[in-house]
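Asks: Just my_file.txt, nothing more (compact mmCIF, C-alpha atoms):
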```
# COMPACT_ATOMS: atom_id res chain seq x y z
CA MET Z 1 0.00 0.00 0.00
CA ASN Z 2 1.45 3.38 -0.99
CA ALA Z 3 1.57 6.43 1.27
CA ASN Z 4 -1.31 8.27 -0.42
CA SER Z 5 -3.66 5.30 -0.01
CA LEU Z 6 -2.74 5.00 3.65
CA ILE Z 7 -3.47 8.72 4.25
CA ARG Z 8 -6.86 8.52 2.56
CA LYS Z 9 -7.80 5.41 4.57
CA THR Z 10 -6.78 7.09 7.83
CA ARG Z 11 -8.83 10.19 7.05
CA ARG Z 12 -11.92 8.12 6.31
CA LYS Z 13 -11.61 6.35 9.66
CA LYS Z 14 -11.26 9.62 11.52
CA LEU Z 15 -14.29 11.12 9.80
CA LYS Z 16 -16.38 8.07 10.71
CA THR Z 17 -15.39 8.14 14.37
CA GLY Z 18 -15.79 11.91 14.76
CA LYS Z 19 -12.17 12.39 15.80
CA GLU Z 20 -9.51 14.66 14.35
CA THR Z 21 -9.73 14.95 10.61
CA ASP Z 22 -6.51 16.43 9.26
CA CYS Z 23 -3.99 19.18 9.85
CA GLY Z 24 -4.46 18.72 13.58
CA GLY Z 25 -7.99 20.26 13.45
CA LYS Z 26 -10.71 19.13 15.82
CA SER Z 27 -14.07 17.63 14.97
CA ILE Z 28 -17.22 19.74 15.31
CA SER Z 29 -18.34 17.17 17.86
CA ASN Z 30 -15.77 18.56 20.31
CA LEU Z 31 -17.70 21.81 20.58
CA PRO Z 32 -19.70 22.39 23.78
CA GLU Z 33 -23.11 20.74 23.78
CA GLU Z 34 -24.89 24.12 24.01
CA VAL Z 35 -23.19 25.20 20.79
CA LEU Z 36 -24.14 21.96 19.03
CA GLU Z 37 -27.75 22.39 20.13
CA HIS Z 38 -27.71 25.91 18.71
CA ILE Z 39 -26.37 24.61 15.38
CA VAL Z 40 -28.99 21.87 15.17
CA SER Z 41 -31.77 24.40 15.89
CA PHE Z 42 -31.21 25.97 12.45
CA LEU Z 43 -31.82 22.70 10.62
CA PRO Z 44 -35.18 21.44 9.34
CA ILE Z 45 -36.45 18.85 11.78
CA GLN Z 46 -35.81 15.96 9.32
CA GLU Z 47 -32.17 17.03 8.96
CA ALA Z 48 -31.83 17.62 12.70
CA ILE Z 49 -32.92 14.04 13.38
CA ARG Z 50 -30.39 12.70 10.86
CA THR Z 51 -27.54 14.24 12.89
CA SER Z 52 -28.17 11.59 15.55
CA ILE Z 53 -26.14 9.06 13.51
CA ILE Z 54 -22.94 11.15 13.71
CA SER Z 55 -21.94 9.94 17.15
CA LYS Z 56 -23.32 9.21 20.61
CA LYS Z 57 -22.88 12.87 21.53
CA TRP Z 58 -25.26 13.84 18.73
CA LEU Z 59 -27.79 11.11 19.47
CA ASN Z 60 -30.28 13.23 21.42
CA LEU Z 61 -29.37 16.76 20.36
CA TRP Z 62 -32.35 17.03 18.01
CA LYS Z 63 -34.73 16.41 20.89
CA SER Z 64 -34.00 19.82 22.35
CA THR Z 65 -34.26 21.79 19.09
CA PRO Z 66 -36.71 24.63 19.78
CA ASN Z 67 -37.87 25.17 16.17
CA LEU Z 68 -40.25 22.64 14.62
CA THR Z 69 -41.43 23.05 11.02
CA PHE Z 70 -43.61 20.33 9.55
CA TYR Z 71 -44.35 20.81 5.87
CA GLY Z 72 -46.07 18.19 3.77
CA GLY Z 73 -48.69 15.62 4.41
CA TYR Z 74 -50.08 15.72 0.89
CA SER Z 75 -51.30 12.58 -0.85
CA PRO Z 76 -50.02 9.94 -1.40
CA LYS Z 77 -47.43 10.33 1.40
CA ARG Z 78 -49.77 11.91 3.90
CA LYS Z 79 -49.91 8.98 6.33
CA LEU Z 80 -46.11 8.79 6.54
CA PHE Z 81 -45.99 12.51 7.26
CA MET Z 82 -48.65 12.35 9.98
CA ASP Z 83 -46.91 9.44 11.69
CA PHE Z 84 -43.60 11.30 11.49
CA VAL Z 85 -45.01 14.39 13.24
CA GLU Z 86 -46.49 12.17 15.92
CA ARG Z 87 -43.19 10.40 16.62
CA VAL Z 88 -41.21 13.63 16.77
CA LEU Z 89 -43.53 15.20 19.35
CA VAL Z 90 -43.57 12.04 21.46
CA LEU Z 91 -39.81 11.39 21.35
CA ARG Z 92 -38.49 14.95 21.78
CA GLY Z 93 -39.61 15.10 25.39
CA PRO Z 94 -40.58 18.09 27.55
CA SER Z 95 -38.09 20.73 26.32
CA ASN Z 96 -39.61 24.07 25.32
CA ILE Z 97 -40.67 24.89 21.76
CA GLU Z 98 -39.90 28.36 20.37
CA LYS Z 99 -41.46 28.01 16.90
CA PHE Z 100 -44.12 25.59 15.73
CA ARG Z 101 -45.07 25.65 12.04
CA LEU Z 102 -47.52 23.19 10.53
CA LEU Z 103 -48.57 23.06 6.86
CA CYS Z 104 -50.58 20.04 5.73
CA GLU Z 105 -53.94 18.62 4.69
CA ALA Z 106 -56.26 18.36 7.66
CA LYS Z 107 -58.89 16.00 6.20
CA ASP Z 108 -60.61 14.18 9.12
CA ASP Z 109 -57.67 14.37 11.54
CA GLN Z 110 -58.92 17.32 13.63
CA SER Z 111 -58.39 15.51 16.93
CA ARG Z 112 -54.87 14.42 16.02
CA ILE Z 113 -53.79 17.87 14.84
CA GLY Z 114 -55.39 19.45 17.89
CA THR Z 115 -53.25 17.21 20.09
CA TRP Z 116 -50.10 18.44 18.32
CA ILE Z 117 -51.08 22.08 18.81
CA SER Z 118 -51.82 21.42 22.48
CA ALA Z 119 -48.40 19.78 22.86
CA ALA Z 120 -46.74 22.94 21.51
CA VAL Z 121 -48.76 25.14 23.87
CA ASN Z 122 -47.81 22.92 26.82
CA ARG Z 123 -44.15 23.41 25.91
CA ASN Z 124 -44.40 27.20 26.18
CA VAL Z 125 -44.46 27.90 22.45
CA LYS Z 126 -43.80 31.51 21.36
CA ASP Z 127 -44.32 31.52 17.60
CA VAL Z 128 -47.09 29.53 15.84
CA TYR Z 129 -47.90 29.31 12.12
CA LEU Z 130 -50.81 27.14 10.99
CA GLY Z 131 -51.55 26.57 7.31
CA LEU Z 132 -54.05 23.73 7.02
CA SER Z 133 -56.18 22.78 4.03
CA ASP Z 134 -58.63 20.20 2.70
CA PHE Z 135 -61.00 19.90 5.65
CA GLU Z 136 -63.47 17.03 5.60
CA SER Z 137 -65.40 18.36 8.58
CA SER Z 138 -65.70 21.49 10.69
CA PHE Z 139 -62.33 22.33 12.26
CA VAL Z 140 -61.92 23.88 15.71
CA PHE Z 141 -58.60 24.75 17.33
CA PRO Z 142 -58.04 23.56 20.90
CA ARG Z 143 -59.14 26.14 23.45
CA CYS Z 144 -55.68 26.29 25.02
CA LEU Z 145 -54.25 27.89 21.86
CA PHE Z 146 -56.22 31.09 22.54
CA ASN Z 147 -55.25 31.09 26.19
CA CYS Z 148 -51.50 30.54 25.73
CA LYS Z 149 -49.50 32.67 28.17
CA THR Z 150 -46.24 32.52 26.19
CA LEU Z 151 -47.41 33.10 22.60
CA THR Z 152 -45.88 36.22 21.03
CA GLU Z 153 -46.40 35.64 17.27
CA PHE Z 154 -49.39 33.92 15.69
CA GLU Z 155 -50.33 33.42 12.05
CA ILE Z 156 -53.32 31.51 10.65
CA ASP Z 157 -53.40 30.99 6.88
CA MET Z 158 -56.47 28.83 6.30
CA LEU Z 159 -59.61 29.04 4.20
CA PHE Z 160 -62.02 28.12 7.01
CA THR Z 161 -64.38 29.51 9.63
CA LEU Z 162 -62.45 30.67 12.69
CA LYS Z 163 -64.39 29.44 15.71
CA LEU Z 164 -63.07 31.22 18.80
CA PRO Z 165 -63.68 30.39 22.46
CA SER Z 166 -65.87 32.72 24.52
CA SER Z 167 -62.82 33.83 26.51
CA ILE Z 168 -59.47 34.73 24.92
CA SER Z 169 -56.31 35.47 26.91
CA LEU Z 170 -53.08 36.03 25.00
CA PRO Z 171 -51.21 38.43 27.28
CA CYS Z 172 -47.87 38.26 25.45
CA LEU Z 173 -49.09 38.26 21.83
CA LYS Z 174 -47.46 41.05 19.81
CA ILE Z 175 -47.90 39.98 16.18
CA LEU Z 176 -51.13 38.55 14.74
CA ASN Z 177 -51.64 37.68 11.06
CA LEU Z 178 -54.96 36.30 9.85
CA ARG Z 179 -55.25 35.16 6.24
CA GLN Z 180 -58.39 33.94 4.43
CA VAL Z 181 -60.33 33.04 7.57
CA THR Z 182 -64.06 33.70 8.02
CA PHE Z 183 -64.94 35.49 11.26
CA ILE Z 184 -67.91 33.97 13.04
CA ASN Z 185 -69.28 36.62 15.42
CA ASP Z 186 -68.69 40.16 16.67
CA GLN Z 187 -67.83 39.45 20.30
CA SER Z 188 -65.10 36.84 19.87
CA THR Z 189 -63.54 38.68 16.93
CA GLN Z 190 -63.39 41.91 18.90
CA GLN Z 191 -61.62 40.12 21.74
CA LEU Z 192 -58.98 38.88 19.32
CA PHE Z 193 -58.49 42.37 17.87
CA SER Z 194 -58.15 44.05 21.27
CA LEU Z 195 -55.32 42.23 23.00
CA PRO Z 196 -53.36 44.29 25.54
CA ASN Z 197 -49.86 43.92 24.05
CA LEU Z 198 -50.70 43.59 20.35
CA VAL Z 199 -48.25 45.63 18.24
CA GLU Z 200 -48.87 44.38 14.68
CA LEU Z 201 -52.16 43.21 13.18
CA GLU Z 202 -52.64 42.08 9.57
CA ILE Z 203 -56.02 40.95 8.25
CA TYR Z 204 -55.57 39.58 4.73
CA GLU Z 205 -58.49 38.62 2.47
CA CYS Z 206 -60.65 37.49 5.37
CA ASN Z 207 -64.42 37.14 5.24
CA TRP Z 208 -66.43 39.58 7.40
CA LYS Z 209 -69.91 38.45 6.28
CA ASN Z 210 -71.01 37.25 9.75
CA LEU Z 211 -70.01 40.50 11.48
CA VAL Z 212 -72.01 43.70 12.00
CA TRP Z 213 -69.96 45.91 14.32
CA VAL Z 214 -66.42 45.31 15.59
CA THR Z 215 -64.01 47.57 17.49
CA ILE Z 216 -60.24 47.27 17.23
CA CYS Z 217 -58.97 48.65 20.52
CA ALA Z 218 -55.40 47.53 21.22
CA PRO Z 219 -53.57 50.24 23.21
CA LYS Z 220 -50.08 49.28 21.97
CA LEU Z 221 -51.00 48.69 18.33
CA GLN Z 222 -48.50 50.35 15.97
CA GLN Z 223 -49.08 48.65 12.61
CA LEU Z 224 -52.46 47.78 11.12
CA ALA Z 225 -52.96 46.40 7.62
CA ILE Z 226 -56.35 45.36 6.21
CA TYR Z 227 -56.62 43.76 2.77
CA GLU Z 228 -60.18 43.09 1.67
CA SER Z 229 -61.13 40.17 -0.50
CA HIS Z 230 -63.44 40.74 -3.47
CA GLU Z 231 -65.71 38.06 -2.05
CA SER Z 232 -65.37 39.00 1.63
CA THR Z 233 -68.84 40.56 1.91
CA PRO Z 234 -71.98 40.19 -0.21
CA ALA Z 235 -72.71 43.37 -2.16
CA ASN Z 236 -76.16 43.83 -0.55
CA SER Z 237 -75.20 43.10 3.06
CA GLY Z 238 -73.90 46.52 4.04
CA GLY Z 239 -70.72 44.98 5.37
CA CYS Z 240 -69.21 45.25 8.82
CA HIS Z 241 -68.61 48.55 10.63
CA VAL Z 242 -65.04 48.41 11.93
CA ARG Z 243 -64.11 51.05 14.51
CA ILE Z 244 -60.41 51.57 15.15
CA PHE Z 245 -60.55 53.10 18.59
CA ARG Z 246 -57.91 54.87 20.68
CA THR Z 247 -54.87 53.58 18.84
CA HIS Z 248 -51.65 55.41 18.03
CA LEU Z 249 -50.53 53.87 14.77
CA ALA Z 250 -47.17 54.34 13.13
CA TYR Z 251 -48.51 52.67 9.97
CA PHE Z 252 -51.99 51.98 8.62
CA ARG Z 253 -52.84 50.36 5.30
CA CYS Z 254 -56.27 49.73 3.81
CA TRP Z 255 -56.66 47.95 0.46
CA GLY Z 256 -59.85 46.84 -1.25
CA THR Z 257 -63.33 47.94 -2.31
CA LEU Z 258 -64.48 49.19 1.12
CA SER Z 259 -67.23 46.60 1.18
CA ASN Z 260 -66.81 47.08 4.93
CA GLU Z 261 -66.72 50.45 6.67
CA PHE Z 262 -63.50 51.42 8.47
CA CYS Z 263 -63.18 54.50 10.64
CA LEU Z 264 -60.59 55.78 13.08
CA ASP Z 265 -61.99 57.18 16.32
CA GLU Z 266 -59.78 59.01 18.83
CA SER Z 267 -56.80 57.51 17.02
CA SER Z 268 -53.67 58.96 15.46
CA VAL Z 269 -51.64 57.79 12.49
CA VAL Z 270 -48.15 58.72 11.29
CA GLU Z 271 -48.22 57.05 7.85
CA THR Z 272 -51.25 55.87 5.90
CA TYR Z 273 -51.61 54.04 2.58
CA ILE Z 274 -55.07 53.67 1.02
CA SER Z 275 -55.70 51.78 -2.19
CA LEU Z 276 -59.18 51.21 -3.59
CA LEU Z 277 -60.42 48.81 -6.23
CA SER Z 278 -63.17 50.30 -8.36
CA ASP Z 279 -66.67 48.80 -8.10
CA SER Z 280 -69.17 50.50 -10.39
CA ASP Z 281 -72.14 48.95 -8.55
CA ARG Z 282 -71.18 50.53 -5.23
CA GLN Z 283 -69.60 53.84 -6.27
CA ARG Z 284 -71.70 56.12 -4.04
CA GLU Z 285 -71.30 53.86 -0.99
CA THR Z 286 -67.56 53.58 -1.59
CA ALA Z 287 -67.28 57.38 -1.85
CA CYS Z 288 -69.09 57.88 1.48
CA ARG Z 289 -66.90 55.33 3.20
CA SER Z 290 -63.77 56.87 1.71
CA TYR Z 291 -64.73 60.29 3.08
CA LYS Z 292 -65.37 58.81 6.51
CA LEU Z 293 -62.05 56.97 6.51
CA LEU Z 294 -60.12 60.05 5.38
CA GLU Z 295 -61.85 62.19 8.00
CA GLY Z 296 -60.54 59.92 10.75
CA ILE Z 297 -56.93 60.27 9.58
CA SER Z 298 -56.99 64.02 9.06
CA SER Z 299 -53.95 64.50 11.33
CA VAL Z 300 -51.78 61.99 9.46
CA LYS Z 301 -48.22 63.09 8.67
CA THR Z 302 -47.70 61.03 5.50
CA LEU Z 303 -50.61 59.99 3.27
CA TYR Z 304 -50.45 57.82 0.15
CA LEU Z 305 -53.56 57.57 -2.03
CA THR Z 306 -53.88 55.60 -5.25
CA ILE Z 307 -55.58 57.23 -8.24
CA ASP Z 308 -58.70 55.12 -7.62
CA VAL Z 309 -59.19 56.86 -4.27
CA VAL Z 310 -59.12 60.25 -5.96
CA ASP Z 311 -61.53 59.07 -8.63
CA VAL Z 312 -64.00 57.69 -6.10
CA CYS Z 313 -63.87 60.72 -3.81
CA PHE Z 314 -63.92 63.59 -6.29
CA LEU Z 315 -65.29 62.55 -9.67
CA PRO Z 316 -68.89 62.24 -8.38
CA LEU Z 317 -68.71 65.96 -7.55
CA PHE Z 318 -68.05 66.83 -11.19
CA PRO Z 319 -70.65 65.17 -13.45
```
Let me see the file written as C-alpha cells.
Replies:
Amino acid sequence: MNANSLIRKTRRKKLKTGKETDCGGKSISNLPEEVLEHIVSFLPIQEAIRTSIISKKWLNLWKSTPNLTFYGGYSPKRKLFMDFVERVLVLRGPSNIEKFRLLCEAKDDQSRIGTWISAAVNRNVKDVYLGLSDFESSFVFPRCLFNCKTLTEFEIDMLFTLKLPSSISLPCLKILNLRQVTFINDQSTQQLFSLPNLVELEIYECNWKNLVWVTICAPKLQQLAIYESHESTPANSGGCHVRIFRTHLAYFRCWGTLSNEFCLDESSVVETYISLLSDSDRQRETACRSYKLLEGISSVKTLYLTIDVVDVCFLPLFP
C-alpha cells in the first residue's frame, strides 16, 4: 500500500469516528453541547434528526431543538408525514418549543392535529404558524391555543371559519396575522383584535360576512394592515362597521373595495396608505366610506392615495 492510499484510509476512519480529521484540526463534535444544540436548531427537523447518527454525543441533540417546522402531508405520502409528526412530538420530550409551524392537509384528523397544537402550547411555544387545508369536517382549534400565556407571534393561513372560544387570553401576543379566515361573530372577533400587548395586526383577504360591528382597541397597536377580499362581503349586506378606537398607529394600510366600513376614532396615524379597487355597482357607498375613513386620519403626517381613491372621492362631484 502506498503512502497516499494510507493517508486517505486514515482520514476516512477519523471522519467516521468523529475524531480529528486532518492538519491537527478538531471535529465539530468537540464543541460544547450548548453550541451543538444551537447549530442543530437551524436545521429542518428531518435534517436535525439525521444528525443523531454522527456519534453518541449527537444522538439526542435534536430532541432539544426549539424550532419545529412540519411541511407536507399531501397525498399519497400523507400517512407517513402524519406518523412522522407524531413520533417527533412524542420522542423529543418536555423541552420548550420556540417556533411551531404546521402546513398540511387536515382531512378528518382534527383531533390528532389538535393534540399536536396542544403539545406545543404545553411546551411554552412563542411563535405559531398554521396553514391547514382540505377539511373534511368542521375544524376547531383547541381552546388552550387562545389562552396561551407565552405566545408572542401567531399566524393563521387557512380558508375556514375561525371558531373562537368565549374567553381569549393572549397576554404576550405582539404579532397577529390572519389570512383567508371567516370570522364567526362580533364578540369573539373583537376580543382577538383588542389584545393588551398587540403591536402588529394584519387581516388579509378574510371574510367579514357574519359581522355587524367590531371595534379594534389595542392600546399598543403600531401597525395595522387590512386587505379586503373581493368576495369577503356580499354586495347587498352593508358589510361590517369596523371602529379603530384609541390607537396610536405608526402605519396603517387599507386595500380593497371598502365593502366594509372602516373609521378611526380618537386615534392617530403617522403614515397611511389607502388603495381602492373600483366597483361601479357601489360607487356612491364607496365614496361615502372613503370620506369617513379620510376624515378619521386628518392628522396623518404622510398619506399615500392611489388614483382610484381620488376618482371615487372627487369625480362624483363633477358630473
Asks: Please compute the atom CA of Z:Ser194-atom CA of Z:Ser118 distance, one decimal, in Å.
Replies: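 Separating atom CA of Z:Ser194 from atom CA of Z:Ser118 is a distance of 23.5 Å.
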Asks: What is the distance between atom CA of Z:Ala218 and atom CA of Z:Phe146, in Å to one decimal?
Replies: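 Going from atom CA of Z:Ala218 over to atom CA of Z:Phe146 covers 16.5 Å.
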Asks: Which of these residues is nearest to Z:Pro94, using all atoms listed in the file: Z:Ala48, Z:Thr189, Z:Asn124, Z:Phe160?
Replies: Z:Asn124
Asks: For atom CA of Z:Gly239 and atom CA of Z:Ala225, quote the distance in Å rounded to one decimal.
Replies: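 Atom CA of Z:Gly239 sits 18.0 Å away from atom CA of Z:Ala225.
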Asks: Enumerate, in order of chain and increasing residue number, the residues of stretch 152-252 of chain Z with an atom no farther than 7 Å from stretch 256-267 of chain Z, each with its shortest atom pair and distance in Å to one decimal, counting only C-alpha atoms, as a Markdown table.
Replies:
```
| residue | atom | partner | partner_atom | distance |
| --- | --- | --- | --- | --- |
| Z:Tyr227 | CA | Z:Gly256 | CA | 6.0 |
| Z:Glu228 | CA | Z:Gly256 | CA | 4.8 |
| Z:Ser229 | CA | Z:Gly256 | CA | 6.8 |
| Z:Thr233 | CA | Z:Ser259 | CA | 6.3 |
| Z:Gly239 | CA | Z:Asn260 | CA | 4.5 |
| Z:Cys240 | CA | Z:Asn260 | CA | 4.9 |
| Z:His241 | CA | Z:Glu261 | CA | 4.8 |
| Z:Val242 | CA | Z:Phe262 | CA | 4.8 |
| Z:Arg243 | CA | Z:Cys263 | CA | 5.3 |
| Z:Ile244 | CA | Z:Leu264 | CA | 4.7 |
| Z:Phe245 | CA | Z:Asp265 | CA | 4.9 |
| Z:Arg246 | CA | Z:Ser267 | CA | 4.6 |
| Z:Thr247 | CA | Z:Ser267 | CA | 4.7 |
| Z:His248 | CA | Z:Ser267 | CA | 5.7 |
```
Asks: Excluding Z:Phe100 and any residue of its chain fewer than 3 positions from it, enumerate the residues within 8 Å of it, using only C-alpha atoms, and give them as a VMD selection string.
Replies: chain Z and resid 67 to 69 97 120 125 127 to 129
Asks: How would the residues just chosen look if you wrote them out with C-alpha atoms as a PDB file, in the frame of the given file?
Replies:
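Final output, part.pdb:
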```pdb
ATOM      1  CA  ASN Z  67     -37.870  25.170  16.170  1.00  0.00           C
ATOM      2  CA  LEU Z  68     -40.250  22.640  14.620  1.00  0.00           C
ATOM      3  CA  THR Z  69     -41.430  23.050  11.020  1.00  0.00           C
ATOM      4  CA  ILE Z  97     -40.670  24.890  21.760  1.00  0.00           C
ATOM      5  CA  ALA Z 120     -46.740  22.940  21.510  1.00  0.00           C
ATOM      6  CA  VAL Z 125     -44.460  27.900  22.450  1.00  0.00           C
ATOM      7  CA  ASP Z 127     -44.320  31.520  17.600  1.00  0.00           C
ATOM      8  CA  VAL Z 128     -47.090  29.530  15.840  1.00  0.00           C
ATOM      9  CA  TYR Z 129     -47.900  29.310  12.120  1.00  0.00           C
TER      10      TYR Z 129
END
```
Asks: Any idea what's packed within 6 Å of Z:Thr152, counting all atoms listed in the file, ignoring anything in its chain fewer than 6 positions away? Could you give it as a PyMOL selection string?
Replies: chain Z and resi 126+172-174
Asks: Residues at most 9 Å from Z:Ser95, counting all atoms listed in the file, excluding those fewer than 6 positions away in the same chain, as an NGL selection string?
Replies: :Z and (63-66 or 123)
Asks: Do you know which residues are at most 8 Å from Z:Leu130 counting all atoms listed in the file, after dropping those on the same chain fewer than 3 positions away, and could you put them as an mmCIF file with C-alpha atoms, in the frame of the given file?
Replies:
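This went into around.cif:
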```cif
data_model
loop_
_atom_site.group_PDB
_atom_site.id
_atom_site.type_symbol
_atom_site.label_atom_id
_atom_site.label_comp_id
_atom_site.auth_asym_id
_atom_site.auth_seq_id
_atom_site.Cartn_x
_atom_site.Cartn_y
_atom_site.Cartn_z
ATOM 1 C CA ARG Z 101 -45.070 25.650 12.040
ATOM 2 C CA LEU Z 102 -47.520 23.190 10.530
ATOM 3 C CA LEU Z 103 -48.570 23.060 6.860
ATOM 4 C CA GLU Z 155 -50.330 33.420 12.050
ATOM 5 C CA ILE Z 156 -53.320 31.510 10.650
ATOM 6 C CA ASP Z 157 -53.400 30.990 6.880
ATOM 7 C CA MET Z 158 -56.470 28.830 6.300
#
```
